[in-house]
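As stored in data.pdb (PDB, C-alpha atoms, pLDDT in the B column):
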```
ATOM      1  CA  ALA A  23      -3.291  -5.561 -10.221  1.00 63.00           C
ATOM      2  CA  LEU A  24      -6.240  -4.468  -8.032  1.00 62.00           C
ATOM      3  CA  ASP A  25      -3.778  -2.945  -5.578  1.00 65.00           C
ATOM      4  CA  ALA A  26      -1.854  -1.011  -8.248  1.00 69.00           C
ATOM      5  CA  LYS A  27      -2.199   2.707  -8.926  1.00 68.00           C
ATOM      6  CA  ILE A  28      -2.619   4.137 -12.424  1.00 73.00           C
ATOM      7  CA  ARG A  29      -1.647   7.753 -13.010  1.00 70.00           C
ATOM      8  CA  GLY A  30      -3.001   9.932 -15.770  1.00 65.00           C
ATOM      9  CA  ILE A  31      -5.088   9.134 -18.825  1.00 71.00           C
ATOM     10  CA  VAL A  32      -5.087   5.643 -20.354  1.00 76.00           C
ATOM     11  CA  PHE A  33      -5.511   6.384 -24.061  1.00 77.00           C
ATOM     12  CA  GLY A  34      -4.386   2.921 -25.183  1.00 90.00           C
ATOM     13  CA  ILE A  35      -5.217  -0.639 -24.160  1.00 95.00           C
ATOM     14  CA  ALA A  36      -4.817  -3.964 -25.978  1.00 97.00           C
ATOM     15  CA  ALA A  37      -5.063  -7.691 -25.367  1.00 97.00           C
ATOM     16  CA  GLY A  38      -2.219 -10.129 -26.047  1.00 97.00           C
ATOM     17  CA  PRO A  39      -2.560 -13.639 -27.502  1.00 96.00           C
ATOM     18  CA  ASP A  40      -2.061 -15.200 -24.056  1.00 96.00           C
ATOM     19  CA  GLY A  41      -4.870 -13.169 -22.490  1.00 97.00           C
ATOM     20  CA  SER A  42      -2.630 -10.497 -20.996  1.00 97.00           C
ATOM     21  CA  ILE A  43      -3.840  -6.887 -21.026  1.00 97.00           C
ATOM     22  CA  TYR A  44      -1.401  -4.136 -21.997  1.00 98.00           C
ATOM     23  CA  PHE A  45      -2.053  -0.462 -21.318  1.00 96.00           C
ATOM     24  CA  VAL A  46      -0.185   2.832 -21.403  1.00 94.00           C
ATOM     25  CA  THR A  47       0.481   5.068 -18.446  1.00 89.00           C
ATOM     26  CA  MET A  48       1.097   8.101 -20.599  1.00 89.00           C
ATOM     27  CA  TYR A  49       2.376  10.566 -18.022  1.00 88.00           C
ATOM     28  CA  ASP A  50       4.660   7.915 -16.540  1.00 92.00           C
ATOM     29  CA  HIS A  51       6.160   7.221 -20.009  1.00 94.00           C
ATOM     30  CA  ALA A  52       5.587   3.494 -19.582  1.00 95.00           C
ATOM     31  CA  VAL A  53       3.546   0.495 -20.692  1.00 97.00           C
ATOM     32  CA  ARG A  54       2.243  -2.012 -18.160  1.00 96.00           C
ATOM     33  CA  LYS A  55       0.862  -5.530 -18.431  1.00 97.00           C
ATOM     34  CA  ILE A  56      -1.770  -7.389 -16.438  1.00 96.00           C
ATOM     35  CA  ALA A  57      -1.089 -11.112 -16.734  1.00 96.00           C
ATOM     36  CA  PRO A  58      -3.917 -13.693 -16.788  1.00 96.00           C
ATOM     37  CA  ASN A  59      -3.147 -14.528 -13.144  1.00 94.00           C
ATOM     38  CA  GLY A  60      -3.797 -10.896 -12.163  1.00 95.00           C
ATOM     39  CA  THR A  61      -0.239  -9.734 -11.556  1.00 95.00           C
ATOM     40  CA  ILE A  62       0.825  -6.378 -12.975  1.00 95.00           C
ATOM     41  CA  SER A  63       4.257  -5.414 -14.279  1.00 96.00           C
ATOM     42  CA  ARG A  64       6.022  -2.765 -16.338  1.00 96.00           C
ATOM     43  CA  VAL A  65       7.016  -4.053 -19.776  1.00 98.00           C
ATOM     44  CA  ALA A  66       8.361  -0.944 -21.508  1.00 98.00           C
ATOM     45  CA  GLY A  67       9.679   2.456 -20.499  1.00 97.00           C
ATOM     46  CA  GLN A  68      10.935   3.773 -17.187  1.00 96.00           C
ATOM     47  CA  TYR A  69       8.534   5.440 -14.799  1.00 93.00           C
ATOM     48  CA  GLY A  70       8.840   9.223 -14.963  1.00 92.00           C
ATOM     49  CA  ILE A  71      11.744   9.256 -17.460  1.00 95.00           C
ATOM     50  CA  GLN A  72      10.893  10.703 -20.871  1.00 96.00           C
ATOM     51  CA  ALA A  73      12.760   9.842 -24.053  1.00 96.00           C
ATOM     52  CA  ASP A  74      14.459  12.828 -25.689  1.00 95.00           C
ATOM     53  CA  TYR A  75      14.206  11.796 -29.326  1.00 95.00           C
ATOM     54  CA  LEU A  76      15.412  15.151 -30.601  1.00 92.00           C
ATOM     55  CA  ASN A  77      18.528  15.759 -28.497  1.00 93.00           C
ATOM     56  CA  ASP A  78      19.460  12.238 -27.409  1.00 94.00           C
ATOM     57  CA  PRO A  79      18.208   9.793 -30.048  1.00 91.00           C
ATOM     58  CA  ALA A  80      20.881   7.238 -29.173  1.00 89.00           C
ATOM     59  CA  GLY A  81      19.838   7.215 -25.523  1.00 92.00           C
ATOM     60  CA  THR A  82      16.333   5.882 -26.011  1.00 95.00           C
ATOM     61  CA  GLY A  83      17.270   2.237 -25.541  1.00 96.00           C
ATOM     62  CA  ASP A  84      16.798   0.685 -28.976  1.00 97.00           C
ATOM     63  CA  GLY A  85      18.509  -2.679 -29.190  1.00 96.00           C
ATOM     64  CA  GLY A  86      18.223  -3.312 -25.466  1.00 97.00           C
ATOM     65  CA  GLN A  87      15.450  -4.452 -23.182  1.00 98.00           C
ATOM     66  CA  ALA A  88      12.219  -2.477 -23.281  1.00 98.00           C
ATOM     67  CA  VAL A  89      12.120  -2.089 -19.492  1.00 98.00           C
ATOM     68  CA  ASP A  90      15.429  -0.212 -19.719  1.00 98.00           C
ATOM     69  CA  ALA A  91      14.314   1.945 -22.651  1.00 98.00           C
ATOM     70  CA  LYS A  92      12.741   5.393 -22.618  1.00 98.00           C
ATOM     71  CA  LEU A  93       9.378   6.340 -24.105  1.00 96.00           C
ATOM     72  CA  SER A  94       7.766   9.731 -24.658  1.00 94.00           C
ATOM     73  CA  TYR A  95       4.104   9.956 -23.662  1.00 92.00           C
ATOM     74  CA  PRO A  96       2.934   6.587 -25.061  1.00 93.00           C
ATOM     75  CA  MET A  97      -0.644   6.842 -26.297  1.00 91.00           C
ATOM     76  CA  LYS A  98      -1.607   3.638 -28.145  1.00 94.00           C
ATOM     77  CA  VAL A  99      -0.593  -0.026 -27.933  1.00 97.00           C
ATOM     78  CA  ARG A 100      -1.328  -3.101 -30.039  1.00 98.00           C
ATOM     79  CA  VAL A 101      -0.188  -6.726 -29.831  1.00 98.00           C
ATOM     80  CA  ASP A 102       0.057  -9.120 -32.775  1.00 97.00           C
ATOM     81  CA  ALA A 103      -0.566 -12.874 -32.839  1.00 96.00           C
ATOM     82  CA  GLN A 104       3.127 -13.577 -32.230  1.00 96.00           C
ATOM     83  CA  GLY A 105       3.168 -11.471 -29.069  1.00 97.00           C
ATOM     84  CA  ASN A 106       5.018  -8.469 -30.504  1.00 98.00           C
ATOM     85  CA  LEU A 107       4.001  -5.267 -28.730  1.00 98.00           C
ATOM     86  CA  TYR A 108       3.653  -2.034 -30.738  1.00 98.00           C
ATOM     87  CA  ILE A 109       3.726   1.333 -28.975  1.00 97.00           C
ATOM     88  CA  LEU A 110       2.771   4.671 -30.525  1.00 95.00           C
ATOM     89  CA  ASP A 111       4.220   7.556 -28.553  1.00 93.00           C
ATOM     90  CA  LEU A 112       4.980  11.210 -29.174  1.00 90.00           C
ATOM     91  CA  GLY A 113       7.407  10.843 -32.057  1.00 90.00           C
ATOM     92  CA  ARG A 114       7.875   7.170 -32.804  1.00 96.00           C
ATOM     93  CA  ILE A 115       6.379   3.709 -33.166  1.00 97.00           C
ATOM     94  CA  ARG A 116       8.357   1.271 -31.040  1.00 98.00           C
ATOM     95  CA  LYS A 117       8.198  -2.525 -31.273  1.00 98.00           C
ATOM     96  CA  VAL A 118       8.872  -4.862 -28.361  1.00 98.00           C
ATOM     97  CA  ALA A 119       9.627  -8.471 -29.325  1.00 98.00           C
ATOM     98  CA  PRO A 120       8.474 -11.384 -27.152  1.00 97.00           C
ATOM     99  CA  ASP A 121      11.982 -11.584 -25.665  1.00 98.00           C
ATOM    100  CA  GLY A 122      11.690  -7.953 -24.498  1.00 98.00           C
ATOM    101  CA  ALA A 123      14.017  -6.365 -27.064  1.00 98.00           C
ATOM    102  CA  ILE A 124      12.846  -2.948 -28.268  1.00 98.00           C
ATOM    103  CA  SER A 125      13.350  -1.183 -31.593  1.00 98.00           C
ATOM    104  CA  THR A 126      11.961   1.770 -33.540  1.00 98.00           C
ATOM    105  CA  ILE A 127       9.970   0.940 -36.667  1.00 98.00           C
ATOM    106  CA  ALA A 128       8.815   4.472 -37.555  1.00 98.00           C
ATOM    107  CA  GLY A 129       9.526   8.060 -36.637  1.00 96.00           C
ATOM    108  CA  THR A 130      12.530  10.108 -35.586  1.00 95.00           C
ATOM    109  CA  ALA A 131      11.580  12.985 -33.281  1.00 91.00           C
ATOM    110  CA  PRO A 132       8.328  14.859 -32.583  1.00 90.00           C
ATOM    111  CA  MET A 133       7.440  17.848 -34.702  1.00 89.00           C
ATOM    112  CA  PRO A 134       7.354  21.295 -33.090  1.00 87.00           C
ATOM    113  CA  LEU A 135       3.908  21.912 -31.673  1.00 81.00           C
ATOM    114  CA  LEU A 136       3.606  25.341 -33.299  1.00 82.00           C
ATOM    115  CA  ASP A 137       4.652  24.289 -36.802  1.00 87.00           C
ATOM    116  CA  PRO A 138       2.059  25.400 -39.396  1.00 88.00           C
ATOM    117  CA  LEU A 139      -0.231  23.140 -41.367  1.00 88.00           C
ATOM    118  CA  ALA A 140       2.070  23.197 -44.405  1.00 91.00           C
ATOM    119  CA  LYS A 141       4.888  21.511 -42.483  1.00 93.00           C
ATOM    120  CA  TYR A 142       2.570  18.935 -40.958  1.00 92.00           C
ATOM    121  CA  LEU A 143       1.176  18.123 -44.395  1.00 94.00           C
ATOM    122  CA  ASP A 144       4.703  17.725 -45.765  1.00 95.00           C
ATOM    123  CA  ALA A 145       5.405  15.222 -42.993  1.00 95.00           C
ATOM    124  CA  PHE A 146       2.119  13.396 -43.566  1.00 95.00           C
ATOM    125  CA  ARG A 147       2.705  13.128 -47.329  1.00 96.00           C
ATOM    126  CA  TYR A 148       6.267  11.831 -46.955  1.00 97.00           C
ATOM    127  CA  THR A 149       6.935   8.443 -48.536  1.00 98.00           C
ATOM    128  CA  GLY A 150      10.091   6.463 -47.882  1.00 98.00           C
ATOM    129  CA  SER A 151      11.924   4.879 -44.989  1.00 98.00           C
ATOM    130  CA  ALA A 152       9.683   4.888 -41.928  1.00 98.00           C
ATOM    131  CA  THR A 153      12.602   5.384 -39.552  1.00 97.00           C
ATOM    132  CA  SER A 154      13.473   8.630 -41.364  1.00 97.00           C
ATOM    133  CA  ALA A 155       9.954  10.055 -41.120  1.00 97.00           C
ATOM    134  CA  ARG A 156       8.582  12.718 -38.785  1.00 95.00           C
ATOM    135  CA  LEU A 157       5.206  11.514 -37.559  1.00 94.00           C
ATOM    136  CA  PRO A 158       2.671  14.384 -37.816  1.00 91.00           C
ATOM    137  CA  ILE A 159       1.349  14.071 -34.269  1.00 86.00           C
ATOM    138  CA  ARG A 160       0.650  17.247 -32.304  1.00 76.00           C
ATOM    139  CA  GLY A 161       1.024  15.807 -28.839  1.00 63.00           C
ATOM    140  CA  PHE A 162      -2.038  15.568 -26.656  1.00 56.00           C
ATOM    141  CA  LEU A 163      -3.995  18.122 -28.667  1.00 48.00           C
ATOM    142  CA  ASP A 164      -5.016  15.442 -31.151  1.00 44.00           C
ATOM    143  CA  GLY A 165      -4.871  12.513 -28.715  1.00 50.00           C
ATOM    144  CA  SER A 166      -8.555  11.791 -29.151  1.00 52.00           C
ATOM    145  CA  PHE A 167      -7.976  11.519 -32.908  1.00 60.00           C
ATOM    146  CA  LEU A 168      -5.078   9.108 -32.643  1.00 84.00           C
ATOM    147  CA  ASP A 169      -5.394   5.420 -33.383  1.00 92.00           C
ATOM    148  CA  MET A 170      -3.090   2.576 -34.331  1.00 96.00           C
ATOM    149  CA  GLN A 171      -4.098  -0.764 -35.823  1.00 97.00           C
ATOM    150  CA  LEU A 172      -2.227  -3.776 -37.122  1.00 97.00           C
ATOM    151  CA  GLY A 173      -3.065  -4.402 -40.765  1.00 96.00           C
ATOM    152  CA  PRO A 174      -2.553  -7.261 -43.207  1.00 95.00           C
ATOM    153  CA  SER A 175       0.893  -8.685 -43.985  1.00 93.00           C
ATOM    154  CA  GLY A 176       2.613  -7.220 -40.940  1.00 95.00           C
ATOM    155  CA  SER A 177       1.680  -3.596 -41.671  1.00 97.00           C
ATOM    156  CA  VAL A 178       0.915  -0.958 -39.052  1.00 98.00           C
ATOM    157  CA  TYR A 179      -1.648   1.803 -39.638  1.00 97.00           C
ATOM    158  CA  VAL A 180      -1.627   5.100 -37.743  1.00 96.00           C
ATOM    159  CA  LEU A 181      -4.483   7.592 -37.670  1.00 94.00           C
ATOM    160  CA  THR A 182      -3.500  11.228 -37.118  1.00 90.00           C
ATOM    161  CA  GLU A 183      -5.527  14.429 -37.313  1.00 84.00           C
ATOM    162  CA  LEU A 184      -4.476  14.702 -40.984  1.00 91.00           C
ATOM    163  CA  GLY A 185      -5.447  11.193 -42.076  1.00 93.00           C
ATOM    164  CA  ILE A 186      -4.181   7.619 -42.050  1.00 95.00           C
ATOM    165  CA  LEU A 187      -0.594   6.463 -42.578  1.00 97.00           C
ATOM    166  CA  LYS A 188       0.681   2.965 -43.339  1.00 98.00           C
ATOM    167  CA  VAL A 189       3.983   1.449 -42.249  1.00 98.00           C
ATOM    168  CA  SER A 190       4.719  -1.661 -44.304  1.00 98.00           C
ATOM    169  CA  ALA A 191       6.472  -4.757 -43.009  1.00 97.00           C
ATOM    170  CA  SER A 192       9.425  -3.800 -45.223  1.00 97.00           C
ATOM    171  CA  GLY A 193       9.827  -0.504 -43.358  1.00 98.00           C
ATOM    172  CA  GLU A 194       8.283   1.979 -45.785  1.00 98.00           C
ATOM    173  CA  ILE A 195       5.793   4.651 -44.728  1.00 98.00           C
ATOM    174  CA  GLY A 196       3.264   6.611 -46.735  1.00 97.00           C
ATOM    175  CA  PRO A 197      -0.243   8.084 -46.616  1.00 96.00           C
ATOM    176  CA  VAL A 198      -3.309   5.894 -47.213  1.00 96.00           C
ATOM    177  CA  VAL A 199      -5.909   8.644 -47.164  1.00 95.00           C
ATOM    178  CA  GLU A 200      -5.734  12.331 -46.307  1.00 94.00           C
ATOM    179  CA  GLY A 201      -8.454  13.897 -44.229  1.00 89.00           C
ATOM    180  CA  GLY A 202      -8.943  15.689 -40.938  1.00 84.00           C
ATOM    181  CA  ASN A 203      -9.054  19.037 -39.237  1.00 76.00           C
ATOM    182  CA  PHE A 204      -5.799  20.725 -38.244  1.00 78.00           C
ATOM    183  CA  THR A 205      -6.329  22.234 -34.823  1.00 68.00           C
ATOM    184  CA  GLY A 206      -2.985  24.025 -34.862  1.00 62.00           C
ATOM    185  CA  ASP A 207      -4.220  26.768 -37.220  1.00 57.00           C
ATOM    186  CA  GLY A 208      -7.559  27.209 -35.501  1.00 60.00           C
ATOM    187  CA  GLY A 209      -9.316  24.279 -37.162  1.00 67.00           C
ATOM    188  CA  VAL A 210      -8.455  23.988 -40.858  1.00 76.00           C
ATOM    189  CA  PRO A 211     -10.341  21.267 -42.795  1.00 76.00           C
ATOM    190  CA  VAL A 212      -8.108  18.858 -44.712  1.00 81.00           C
ATOM    191  CA  GLY A 213      -9.722  16.624 -47.314  1.00 80.00           C
ATOM    192  CA  THR A 214     -13.357  15.512 -47.194  1.00 83.00           C
ATOM    193  CA  TYR A 215     -13.526  13.524 -43.968  1.00 86.00           C
ATOM    194  CA  ARG A 216     -12.176  13.669 -40.449  1.00 86.00           C
ATOM    195  CA  PHE A 217     -11.426  10.202 -39.093  1.00 88.00           C
ATOM    196  CA  ALA A 218     -11.661   9.342 -35.399  1.00 85.00           C
ATOM    197  CA  SER A 219     -11.028   5.588 -35.127  1.00 89.00           C
ATOM    198  CA  MET A 220     -10.396   2.634 -37.403  1.00 94.00           C
ATOM    199  CA  THR A 221     -10.399  -1.147 -37.520  1.00 95.00           C
ATOM    200  CA  PHE A 222      -9.882  -4.067 -39.906  1.00 96.00           C
ATOM    201  CA  ASN A 223     -12.354  -6.863 -40.581  1.00 95.00           C
ATOM    202  CA  SER A 224     -11.397 -10.519 -41.024  1.00 93.00           C
ATOM    203  CA  GLN A 225     -10.870  -9.968 -44.780  1.00 94.00           C
ATOM    204  CA  GLY A 226      -8.310  -7.219 -44.142  1.00 94.00           C
ATOM    205  CA  GLN A 227     -10.595  -4.362 -45.194  1.00 96.00           C
ATOM    206  CA  LEU A 228     -10.074  -1.062 -43.402  1.00 96.00           C
ATOM    207  CA  PHE A 229     -13.044   0.745 -41.862  1.00 96.00           C
ATOM    208  CA  ALA A 230     -13.124   4.071 -40.023  1.00 93.00           C
ATOM    209  CA  SER A 231     -15.572   6.322 -38.241  1.00 90.00           C
ATOM    210  CA  ALA A 232     -15.786   9.685 -39.977  1.00 87.00           C
ATOM    211  CA  ASN A 233     -17.600  12.967 -40.241  1.00 84.00           C
ATOM    212  CA  PRO A 234     -17.107  15.921 -42.605  1.00 81.00           C
ATOM    213  CA  SER A 235     -13.746  17.557 -42.015  1.00 75.00           C
ATOM    214  CA  SER A 236     -15.425  20.927 -41.595  1.00 75.00           C
ATOM    215  CA  GLY A 237     -18.135  19.652 -39.229  1.00 63.00           C
ATOM    216  CA  PRO A 238     -18.224  19.269 -35.437  1.00 63.00           C
ATOM    217  CA  SER A 239     -15.742  16.748 -34.094  1.00 60.00           C
ATOM    218  CA  ASN A 240     -18.041  15.245 -31.484  1.00 61.00           C
ATOM    219  CA  VAL A 241     -20.583  13.723 -33.892  1.00 62.00           C
ATOM    220  CA  MET A 242     -19.551  10.659 -35.897  1.00 61.00           C
ATOM    221  CA  ARG A 243     -21.926  10.524 -38.847  1.00 76.00           C
ATOM    222  CA  LYS A 244     -20.596   7.706 -40.997  1.00 86.00           C
ATOM    223  CA  ILE A 245     -18.739   4.428 -41.021  1.00 90.00           C
ATOM    224  CA  VAL A 246     -16.611   4.316 -44.169  1.00 92.00           C
ATOM    225  CA  ARG A 247     -14.547   1.686 -45.931  1.00 94.00           C
ATOM    226  CA  ILE A 248     -11.107   2.790 -47.082  1.00 93.00           C
ATOM    227  CA  GLU A 249      -9.528   1.015 -50.029  1.00 92.00           C
ATOM    228  CA  SER A 250      -5.791   0.524 -50.451  1.00 88.00           C
ATOM    229  CA  ASN A 251      -5.774   3.284 -53.090  1.00 90.00           C
ATOM    230  CA  GLY A 252      -7.311   5.746 -50.611  1.00 89.00           C
ATOM    231  CA  GLN A 253     -10.839   5.647 -52.007  1.00 91.00           C
ATOM    232  CA  VAL A 254     -13.404   6.253 -49.270  1.00 91.00           C
ATOM    233  CA  THR A 255     -16.806   4.554 -49.539  1.00 90.00           C
ATOM    234  CA  PRO A 256     -19.562   5.320 -46.981  1.00 86.00           C
ATOM    235  CA  GLN A 257     -21.025   2.159 -45.487  1.00 87.00           C
ATOM    236  CA  TYR A 258     -23.373   3.283 -42.709  1.00 81.00           C
ATOM    237  CA  GLY A 259     -24.795   6.611 -41.603  1.00 66.00           C
TER     238      GLY A 259
END
```

Written as structure tokens, that's how I'd like the structure from this file.
Amino acid sequence: ALDAKIRGIVFGIAAGPDGSIYFVTMYDHAVRKIAPNGTISRVAGQYGIQADYLNDPAGTGDGGQAVDAKLSYPMKVRVDAQGNLYILDLGRIRKVAPDGAISTIAGTAPMPLLDPLAKYLDAFRYTGSATSARLPIRGFLDGSFLDMQLGPSGSVYVLTELGILKVSASGEIGPVVEGGNFTGDGGVPVGTYRFASMTFNSQGQLFASANPSSGPSNVMRKIVRIESNGQVTPQYG
């Protein structure tokens, strides 16, 4: 791994149950793994080949091996205790099983970058089948406000610039809490808080860093606890 080259920004990195380290090479449209013995390999995506979710959804590789599949600017990765790899890219959440098979668990195609806030809010507020949803992610413009965490009971949580979404183990998606600042319309506050990162404690409680949605984005003023009903309770700061 020390002899390998990494191109572009590494927004996402995660550790696997066997001690392996997974990370995204966003501009290469791939995910790589550093094994405990120090060897590095590609585990998902093809270097330099971007998935076209909008015009060629059947050509993205679902149902086959992840190394033969196509990704689109992967930004976050997580690994569960069973060794399943989750990848958040520009348009979808993909899941790679321990045997290397890849599937889509949420998302269809990316939203147009210039769509107004109203359309992004409609997408954020959608409830129903996760694989029919449009994930409200505005590409790299909100990359610093993206996060993905694995929640209780096989759920997956995604933080966007409009708030936090939950994908259940049964395949349903819906908003947990709304809040952020929509950069696409020049910085429009949404809700009370803007969230920047999140995590779960050992009891399955969700915590996030937050500041007022209308305040500066570079100062995190509070750590808040977010209940399953969306109630936000300041904890620190």

Which of these residues is nearest to Val180 of chain A, using all atoms listed in the file: A:Ala145, A:Ala140, A:Leu110, A:Ala119?
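So, comparing all the options, the nearest one is A:Leu110.
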
Just give me the gap between atom CA of Gly81 of chain A and atom CA of Thr126 of chain A in Å, one decimal is fine.
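Separation of atom CA of Gly81 of chain A and atom CA of Thr126 of chain A: 12.5 Å.
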
Could you tell me which residues the PyMOL selection byres ((chain A and resi 226-237) around 9) grabs in this file, written as JSON, numbers by chain?
{"A": [173, 174, 201, 202, 203, 209, 210, 211, 212, 213, 214, 215, 216, 217, 218, 219, 220, 221, 222, 223, 224, 225, 238, 239, 240, 241, 242, 243, 244, 245, 246, 247, 248, 249, 250, 257]}

Report as a PDB file with C-alpha atoms, in the frame of the given file the full result of the PyMOL selection byres ((chain A and resi 43-51) around 7) when it is applied to this structure.
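The file below, selection.pdb, is the result:
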```
ATOM      1  CA  ILE A  28      -2.619   4.137 -12.424  1.00 73.00           C
ATOM      2  CA  ARG A  29      -1.647   7.753 -13.010  1.00 70.00           C
ATOM      3  CA  GLY A  30      -3.001   9.932 -15.770  1.00 65.00           C
ATOM      4  CA  ILE A  31      -5.088   9.134 -18.825  1.00 71.00           C
ATOM      5  CA  VAL A  32      -5.087   5.643 -20.354  1.00 76.00           C
ATOM      6  CA  PHE A  33      -5.511   6.384 -24.061  1.00 77.00           C
ATOM      7  CA  GLY A  34      -4.386   2.921 -25.183  1.00 90.00           C
ATOM      8  CA  ILE A  35      -5.217  -0.639 -24.160  1.00 95.00           C
ATOM      9  CA  ALA A  36      -4.817  -3.964 -25.978  1.00 97.00           C
ATOM     10  CA  ALA A  37      -5.063  -7.691 -25.367  1.00 97.00           C
ATOM     11  CA  GLY A  38      -2.219 -10.129 -26.047  1.00 97.00           C
ATOM     12  CA  GLY A  41      -4.870 -13.169 -22.490  1.00 97.00           C
ATOM     13  CA  SER A  42      -2.630 -10.497 -20.996  1.00 97.00           C
ATOM     14  CA  ALA A  52       5.587   3.494 -19.582  1.00 95.00           C
ATOM     15  CA  VAL A  53       3.546   0.495 -20.692  1.00 97.00           C
ATOM     16  CA  ARG A  54       2.243  -2.012 -18.160  1.00 96.00           C
ATOM     17  CA  LYS A  55       0.862  -5.530 -18.431  1.00 97.00           C
ATOM     18  CA  ILE A  56      -1.770  -7.389 -16.438  1.00 96.00           C
ATOM     19  CA  ALA A  57      -1.089 -11.112 -16.734  1.00 96.00           C
ATOM     20  CA  GLY A  67       9.679   2.456 -20.499  1.00 97.00           C
ATOM     21  CA  GLN A  68      10.935   3.773 -17.187  1.00 96.00           C
ATOM     22  CA  TYR A  69       8.534   5.440 -14.799  1.00 93.00           C
ATOM     23  CA  GLY A  70       8.840   9.223 -14.963  1.00 92.00           C
ATOM     24  CA  ILE A  71      11.744   9.256 -17.460  1.00 95.00           C
ATOM     25  CA  GLN A  72      10.893  10.703 -20.871  1.00 96.00           C
ATOM     26  CA  LEU A  93       9.378   6.340 -24.105  1.00 96.00           C
ATOM     27  CA  SER A  94       7.766   9.731 -24.658  1.00 94.00           C
ATOM     28  CA  TYR A  95       4.104   9.956 -23.662  1.00 92.00           C
ATOM     29  CA  PRO A  96       2.934   6.587 -25.061  1.00 93.00           C
ATOM     30  CA  MET A  97      -0.644   6.842 -26.297  1.00 91.00           C
ATOM     31  CA  LYS A  98      -1.607   3.638 -28.145  1.00 94.00           C
ATOM     32  CA  VAL A  99      -0.593  -0.026 -27.933  1.00 97.00           C
TER      33      VAL A  99
END
```

Minimum-distance residue to Val198 of chain A, chosen among A:Thr130, A:Ser177, A:Gln253, A:Ser151 (using all atoms listed in the file)
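Comparing A:Thr130, A:Ser177, A:Gln253, A:Ser151 against Val198 of chain A, the winner is A:Gln253.
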
Rounded to one decimal place, report the atom CA of Ala131 of chain A-atom CA of Ile115 of chain A distance in Å.
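According to the coordinates, atom CA of Ala131 of chain A and atom CA of Ile115 of chain A are separated by 10.6 Å.
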
Could you tell me which residues the PyMOL selection byres ((chain A and resi 195) around 7) returns for this structure, as number ranges by chain?
A: 149-152, 187-190, 193-194, 196

Atoms to include: C-alpha atoms. Write the selected residues as a PDB file, in the coordinates of the input.
```
ATOM      1  CA  THR A 149       6.935   8.443 -48.536  1.00 98.00           C
ATOM      2  CA  GLY A 150      10.091   6.463 -47.882  1.00 98.00           C
ATOM      3  CA  SER A 151      11.924   4.879 -44.989  1.00 98.00           C
ATOM      4  CA  ALA A 152       9.683   4.888 -41.928  1.00 98.00           C
ATOM      5  CA  LEU A 187      -0.594   6.463 -42.578  1.00 97.00           C
ATOM      6  CA  LYS A 188       0.681   2.965 -43.339  1.00 98.00           C
ATOM      7  CA  VAL A 189       3.983   1.449 -42.249  1.00 98.00           C
ATOM      8  CA  SER A 190       4.719  -1.661 -44.304  1.00 98.00           C
ATOM      9  CA  GLY A 193       9.827  -0.504 -43.358  1.00 98.00           C
ATOM     10  CA  GLU A 194       8.283   1.979 -45.785  1.00 98.00           C
ATOM     11  CA  GLY A 196       3.264   6.611 -46.735  1.00 97.00           C
TER      12      GLY A 196
END
```

At what distance in Å, to one decimal, does atom CA of Ala128 of chain A lie from atom CA of Asp144 of chain A?
16.1 Å

A:Val178, A:Leu136, A:Val101, A:Ile127 ranked by distance to Thr153 of chain A, top pick (using all atoms listed in the file):
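Checking each of A:Val178, A:Leu136, A:Val101, A:Ile127 against Thr153 of chain A, counting all atoms listed in the file, the winner is A:Ile127.
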
Please determine, counting all atoms listed in the file, which residue among A:Asn251, A:Ser63, A:Thr182, A:Gln171 has the shortest atom-to-atom distance to Arg100 of chain A.
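Closest candidate: A:Gln171.
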